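Here is work_9.txt, consisting of compact mmCIF, C-alpha atoms:
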# COMPACT_ATOMS: atom_id res chain seq x y z
CA MET U 1 75.21 65.30 5.23
CA VAL U 2 72.39 62.78 5.39
CA ALA U 3 70.00 65.52 6.42
CA LEU U 4 71.16 67.70 3.56
CA ARG U 5 70.73 64.89 1.06
CA SER U 6 67.30 64.14 2.43
CA PHE U 7 66.36 67.81 2.15
CA GLN U 8 67.59 68.01 -1.41
CA LEU U 9 65.68 64.89 -2.39
CA GLN U 10 62.60 66.21 -0.68
CA ASN U 11 62.80 69.39 -2.69
CA ARG U 12 63.57 67.57 -5.91
CA SER U 13 60.36 65.62 -5.56
CA LYS U 14 58.39 68.84 -5.20
CA ARG U 15 60.16 70.61 -8.01
CA ASN U 16 57.40 70.17 -10.53
CA SER U 17 54.62 71.25 -8.26
CA SER U 18 56.01 74.41 -6.75
CA ALA U 19 59.05 76.62 -6.49
CA CYS U 20 61.92 74.92 -4.66
CA PHE U 21 63.04 77.78 -2.50
CA ARG U 22 60.27 80.07 -1.51
CA ASN U 23 62.22 81.13 1.52
CA PRO U 24 65.75 82.55 1.16
CA ARG U 25 66.81 80.62 4.25
CA GLN U 26 66.25 77.38 2.40
CA LEU U 27 68.56 78.60 -0.30
CA PHE U 28 71.22 79.50 2.29
CA ALA U 29 71.06 76.06 3.79
CA VAL U 30 71.53 74.31 0.48
CA ILE U 31 74.14 76.69 -0.92
CA THR U 32 76.26 76.48 2.18
CA GLY U 33 75.77 72.74 2.28
CA ASN U 34 75.31 72.99 5.99
CA PRO U 35 72.72 70.64 7.43
CA TYR U 36 72.73 72.44 10.75
CA TYR U 37 70.66 75.15 9.17
CA LEU U 38 68.10 72.81 7.72
CA PRO U 39 65.89 72.02 10.72
CA ILE U 40 65.20 75.68 11.39
CA VAL U 41 64.21 76.08 7.77
CA VAL U 42 61.84 73.20 8.06
CA THR U 43 60.41 73.73 11.51
CA ASN U 44 60.22 77.49 11.63
CA ALA U 45 59.52 78.34 8.02
CA LYS U 46 56.05 79.59 8.81
CA ILE U 47 56.98 81.42 11.98
CA SER U 48 58.08 85.00 11.81
CA MET U 49 60.34 85.87 14.72
CA PRO U 50 62.75 88.79 14.83
CA TRP U 51 65.71 86.52 15.61
CA GLN U 52 65.20 84.52 12.43
CA LYS U 53 66.98 87.17 10.39
CA TYR U 54 70.17 86.07 12.20
CA HIS U 55 69.76 82.61 10.66
CA PRO U 56 70.86 80.76 13.79
CA PRO U 57 71.75 77.09 13.54
CA ALA U 58 69.14 74.60 14.63
CA GLU U 59 70.15 74.26 18.27
CA ALA U 60 70.34 78.02 18.71
CA ALA U 61 66.97 78.46 17.04
CA ASP U 62 65.49 75.97 19.47
CA ILE U 63 66.93 77.91 22.39
CA LEU U 64 65.72 81.26 21.08
CA ALA U 65 62.26 79.89 20.36
CA ASN U 66 61.85 78.37 23.80
CA CYS U 67 63.73 80.66 26.19
CA LYS U 68 61.92 82.68 28.85
CA GLY U 69 62.55 85.99 27.13
CA LEU U 70 64.78 87.47 24.49
CA THR U 71 66.37 90.85 24.01
CA ILE U 72 67.98 91.49 20.66
CA ALA U 73 70.67 94.07 21.24
CA SER U 74 71.56 96.57 18.55
CA THR U 75 73.87 98.95 20.40
CA THR U 76 76.38 98.88 23.21
CA ASP U 77 74.15 101.33 25.11
CA GLU U 78 71.47 98.66 25.26
CA LEU U 79 74.03 96.21 26.57
CA ILE U 80 75.13 98.69 29.23
CA ASP U 81 71.53 98.93 30.38
CA LEU U 82 71.33 95.15 30.51
CA ALA U 83 74.60 94.94 32.39
CA CYS U 84 73.72 97.60 34.93
CA GLY U 85 69.96 97.41 35.29
CA GLY U 86 69.04 100.59 33.48
CA GLU U 87 69.66 104.32 33.76
CA ARG U 88 68.44 104.75 37.33
CA SER U 89 70.10 101.69 38.74
CA ASN U 90 72.75 102.08 41.42
CA SER U 91 73.55 98.42 41.69
CA PHE U 92 72.71 95.30 39.83
CA VAL U 93 72.65 91.79 41.19
CA VAL U 94 73.50 88.93 38.89
CA ASN U 95 72.50 85.62 40.31
CA TYR U 96 71.40 82.25 39.11
CA GLU U 97 69.36 79.59 40.77
CA ILE U 98 71.30 76.42 41.30
CA PRO U 99 69.19 73.38 42.18
CA GLY U 100 69.87 72.47 45.80
CA ASN U 101 72.05 75.50 46.25
CA GLY U 102 69.66 78.45 46.01
CA ASN U 103 70.86 81.68 44.53
CA GLY U 104 73.70 82.35 46.94
CA ASP U 105 71.79 84.99 48.86
CA ARG U 106 72.25 84.27 52.57
CA GLY U 107 69.55 86.75 53.51
CA ASP U 108 71.70 88.62 56.00
CA GLY U 109 73.12 91.16 53.65
CA LEU U 110 76.43 89.36 53.47
CA LEU U 111 77.80 87.61 50.47
CA ALA U 112 78.00 83.88 50.31
CA PRO U 113 81.57 82.71 49.69
CA GLU U 114 80.72 81.89 46.11
CA MET U 115 79.72 85.44 45.30
CA GLU U 116 81.93 87.79 43.41
CA TRP U 117 81.95 91.52 42.96
CA LEU U 118 82.43 93.16 39.66
CA PRO U 119 83.06 96.89 40.08
CA ILE U 120 81.54 99.31 37.64
CA THR U 121 83.40 102.47 36.86
CA PRO U 122 81.59 105.77 37.48
CA SER U 123 81.42 106.36 33.77
CA HIS U 124 79.04 103.46 33.43
CA THR U 125 75.36 103.99 33.70
CA CYS U 126 74.71 102.86 37.22
CA GLY U 127 77.99 103.86 38.81
CA GLY U 128 77.74 101.23 41.51
CA ALA U 129 78.67 97.62 41.63
CA ILE U 130 77.42 94.40 40.25
CA ARG U 131 77.00 91.66 42.76
CA ILE U 132 77.36 88.25 41.21
CA ALA U 133 75.82 85.46 43.17
CA TRP U 134 75.79 81.76 42.60
CA MET V 1 90.47 76.38 26.61
CA VAL V 2 89.65 72.84 25.59
CA ILE V 3 88.42 71.24 22.39
CA GLY V 4 85.04 69.55 22.64
CA ASP V 5 84.98 67.78 19.29
CA GLY V 6 87.00 64.81 18.12
CA LEU V 7 88.68 66.48 15.16
CA PRO V 8 92.48 66.66 15.00
CA THR V 9 94.00 69.31 17.27
CA ASP V 10 97.20 70.12 19.11
CA LYS V 11 95.20 71.59 22.00
CA GLU V 12 93.92 69.77 25.03
CA SER V 13 90.61 68.05 24.48
CA TYR V 14 87.62 68.20 26.78
CA LYS V 15 87.73 64.44 27.16
CA THR V 16 91.37 64.46 28.19
CA ARG V 17 90.85 67.10 30.86
CA PHE V 18 87.48 66.07 32.20
CA GLY V 19 87.33 62.38 31.30
CA ALA V 20 84.02 62.54 29.48
CA GLU V 21 82.55 63.45 26.12
CA PHE V 22 81.43 67.03 25.71
CA GLY V 23 78.11 66.13 24.04
CA PRO V 24 76.04 65.68 27.21
CA LEU V 25 77.28 68.96 28.70
CA ARG V 26 76.56 70.70 25.41
CA GLU V 27 72.96 69.51 25.59
CA GLU V 28 72.79 70.47 29.25
CA THR V 29 73.97 73.95 28.34
CA PHE V 30 71.24 74.30 25.75
CA GLU V 31 68.61 73.20 28.24
CA TRP V 32 69.89 75.66 30.83
CA LEU V 33 69.83 78.51 28.33
CA LYS V 34 66.21 77.75 27.48
CA GLU V 35 65.32 78.46 31.09
CA GLN V 36 66.88 81.93 31.03
CA GLU V 37 66.04 85.38 29.78
CA LEU V 38 68.51 85.84 26.97
CA VAL V 39 70.21 88.48 24.92
CA LEU V 40 71.19 87.97 21.30
CA PHE V 41 73.34 90.07 19.03
CA GLY V 42 75.24 89.65 15.83
CA PHE V 43 78.65 90.86 14.76
CA VAL V 44 81.24 90.31 12.10
CA ALA V 45 84.21 88.55 13.64
CA GLY V 46 87.43 89.99 12.34
CA GLY V 47 85.92 93.18 11.01
CA ALA V 48 83.33 94.22 8.47
CA GLY V 49 83.99 93.22 4.91
CA MET V 50 86.61 90.62 5.65
CA GLY V 51 85.43 88.60 8.60
CA MET V 52 82.74 86.05 9.23
CA ASP V 53 79.26 86.40 10.62
CA ALA V 54 78.85 85.48 14.25
CA ILE V 55 76.22 85.64 16.97
CA VAL V 56 76.21 85.60 20.75
CA ILE V 57 73.57 84.05 22.96
CA ALA V 58 73.96 84.95 26.61
CA PRO V 59 71.80 85.32 29.70
CA ALA V 60 70.39 88.84 29.73
CA ASN V 61 71.72 89.49 33.23
CA ALA V 62 75.22 88.65 32.01
CA GLY V 63 74.94 91.71 29.85
CA PHE V 64 78.41 92.86 30.80
CA PHE V 65 79.85 89.82 29.05
CA ALA V 66 77.93 90.77 25.93
CA LEU V 67 78.93 94.39 26.38
CA GLY V 68 82.62 93.55 26.67
CA LEU V 69 82.46 91.33 23.64
CA ALA V 70 80.58 93.95 21.65
CA MET V 71 83.24 96.50 22.54
CA LEU V 72 85.92 94.07 21.36
CA GLN V 73 84.23 92.78 18.24
CA GLY V 74 81.55 95.32 17.43
CA ILE V 75 77.82 94.87 17.14
CA ILE V 76 75.50 94.98 14.17
CA PRO V 77 72.21 96.77 14.82
CA GLN V 78 69.26 94.49 14.28
CA GLU V 79 67.92 96.57 11.40
CA MET V 80 71.33 96.43 9.71
CA ILE V 81 71.58 92.63 9.67
CA PRO V 82 71.92 91.81 5.98
CA ALA V 83 69.65 89.27 4.33
CA GLY V 84 72.65 87.05 3.70
CA PHE V 85 73.79 87.03 7.32
CA LEU V 86 74.82 83.48 8.14
CA PRO V 87 76.73 82.85 11.38
CA ARG V 88 79.83 80.70 11.09
CA ALA V 89 80.65 81.20 14.74
CA ILE V 90 78.33 81.21 17.72
CA ILE V 91 79.11 81.92 21.34
CA TYR V 92 76.95 80.41 24.05
CA VAL V 93 77.49 81.98 27.45
CA ALA V 94 76.59 79.91 30.50
CA PRO V 95 78.42 81.38 33.51
CA VAL V 96 76.86 79.22 36.16
CA PHE V 97 78.44 76.06 34.80
CA ARG V 98 81.76 77.32 36.02
CA HIS V 99 80.53 76.68 39.53
CA THR V 100 78.37 73.65 38.95
CA HIS V 101 80.71 71.69 36.70
CA PHE V 102 84.22 73.16 36.68
CA ASP V 103 85.14 73.68 40.31
CA LYS V 104 84.77 77.46 39.93
CA LYS V 105 87.36 77.61 37.17
CA GLN V 106 86.56 79.45 33.97
CA VAL V 107 86.43 77.16 30.96
CA VAL V 108 85.89 77.83 27.27
CA VAL V 109 85.08 74.90 25.03
CA HIS V 110 85.60 75.04 21.28
CA ASN V 111 83.35 72.68 19.40
CA ARG V 112 83.97 72.48 15.67
CA ARG V 113 81.03 71.38 13.60
CA ASP V 114 80.43 71.19 9.90
CA GLY V 115 80.49 74.82 8.80
CA LEU V 116 80.06 76.14 12.30
CA HIS V 117 82.47 77.01 15.11
CA GLU V 118 80.71 76.75 18.46
CA LEU V 119 82.15 78.41 21.53
CA PHE V 120 80.84 77.59 24.97
CA SER V 121 81.92 80.26 27.38
CA TYR V 122 81.55 79.05 30.93
CA ASN V 123 82.62 82.32 32.45
CA LEU V 124 81.40 85.81 33.13
CA TYR V 125 84.07 87.97 31.64
CA PRO V 126 84.95 88.16 27.95
CA GLY V 127 88.67 88.16 28.46
CA PRO V 128 91.37 86.63 26.28
CA SER V 129 89.36 83.43 26.01
CA ALA V 130 86.63 85.13 24.01
CA LYS V 131 89.18 86.76 21.77
CA LYS V 132 91.01 83.48 21.26
CA GLY V 133 87.72 81.77 20.59
CA ILE V 134 86.86 84.16 17.81
CA TYR V 135 90.36 83.91 16.41
CA GLY V 136 89.98 80.14 16.48
CA GLY V 137 86.94 80.41 14.26
CA LEU V 138 88.66 82.85 11.94
CA ALA V 139 91.72 80.64 11.66
CA ARG V 140 89.52 77.70 10.86
CA PHE V 141 87.41 79.34 8.19
CA GLY V 142 90.06 81.69 6.88

Structure rendered as structure tokens:
Amino acid sequence: MVALRSFQLQNRSKRNSSACFRNPRQLFAVITGNPYYLPIVVTNAKISMPWQKYHPPAEAADILANCKGLTIASTTDELIDLACGGERSNSFVVNYEIPGNGNGDRGDGLLAPEMEWLPITPSHTCGGAIRIAW
Amino acid sequence: MVIGDGLPTDKESYKTRFGAEFGPLREETFEWLKEQELVLFGFVAGGAGMGMDAIVIAPANAGFFALGLAMLQGIIPQEMIPAGFLPRAIIYVAPVFRHTHFDKKQVVVHNRRDGLHELFSYNLYPGPSAKKGIYGGLARFG
């Protein structure tokens, strides 16, 4: 609540010189009394990013602003494509780099013990299988 | 399911099960997510008109988690996000932590903050844990 109080005082001091809430997000933050929404209002007020309409809390905004890439999904079809690698995909590998552990790919076509298989039904786009590697 | 915050609960806390505060892992999760290609979508938990706004942030290649959740909870097209959309629940998906931190076991951490119900889903499949997580937020905010 300290951040909220600080924000309110900050705005009170500017009240005579300009409108308090030029941006609707600022109004949301104050109305909801939720300080977690304040930093994004302050730090990203002049940045126009598509994800800002979701009004994410500060930590999420930081992630979205600094991640390697962002897809904003609007339909389950888009999510199916993400899950399966697109319309022409027959299989889709999901793996993550783990420091000191690689991505689980042994290079011999066999699965490392940590890998899992997630079958995809034929009705799904790619009709194959997702290989999950660690 | 464990509770990451220190608020009163009758569920097992993160600290009880893992012997440490959740805060550092929460930060670690955020840092890991920043290094990924991500997918974001919004939905109304509990149904349109009577639920609460919520968003999901997941690695893009864990799209099947997002897909499963969207099929359970619905999805709001980006252009249909209302101006007053304000998430009260947020799900962070970080599957790899299951293997790096939880001995390959799936773990979901609920972290209640002021006006916000955070869910950290350290798994790949949006099973009952995701549903319970959303219900947890709904029960909390009514």

request  = Could you please tell me, as a PyMOL selection string, which residues of chain V have an atom within 8 Å of chain U when using only C-alpha atoms?
outcome  = chain V and resi 30-31+33-42+55+60-64+66-67+70-71+75-78+81+83-87+96+99-100+114-115

message = Give me, as a PyMOL selection string, all polymer residues having an atom no more than 7 Å from Val93 in chain V, counting only C-alpha atoms and skipping those fewer than 3 positions away in the same chain.
response = chain V and resi 57-59+120-122

Given the selection you just returned, output its residues as a file containing C-alpha atoms, formatted as a CSV table (one decimal), keeping the file's coordinate frame.
chain,number,residue,atom,x,y,z
V,57,ILE,CA,73.6,84.0,23.0
V,58,ALA,CA,74.0,85.0,26.6
V,59,PRO,CA,71.8,85.3,29.7
V,120,PHE,CA,80.8,77.6,25.0
V,121,SER,CA,81.9,80.3,27.4
V,122,TYR,CA,81.6,79.0,30.9

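Residues with at least one atom no more than 8 Å from (83.2, 82.3, 32.9), using all atoms listed in the file, are Val93, Ala94, Pro95, Val96, Arg98, Lys105, Gln106, Val107, Val108, Ser121, Tyr122, Asn123, Leu124, Tyr125 and Pro126 of chain V.
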
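You will find CA of Tyr92 in chain V at 6.2 Å from CA of Val56 in chain V.
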
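Remark: for Arg112 in chain V, the closest of the candidate residues V:Val44, V:Ala89, V:Phe97, V:Leu69 is V:Ala89 (distances computed over all atoms listed in the file).
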
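Atom pair CA of Arg113 in chain V / CA of Asp5 in chain V: separated by 7.8 Å.
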
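Between CA of Trp32 in chain V and CA of Ile134 in chain V the separation is 23.0 Å.
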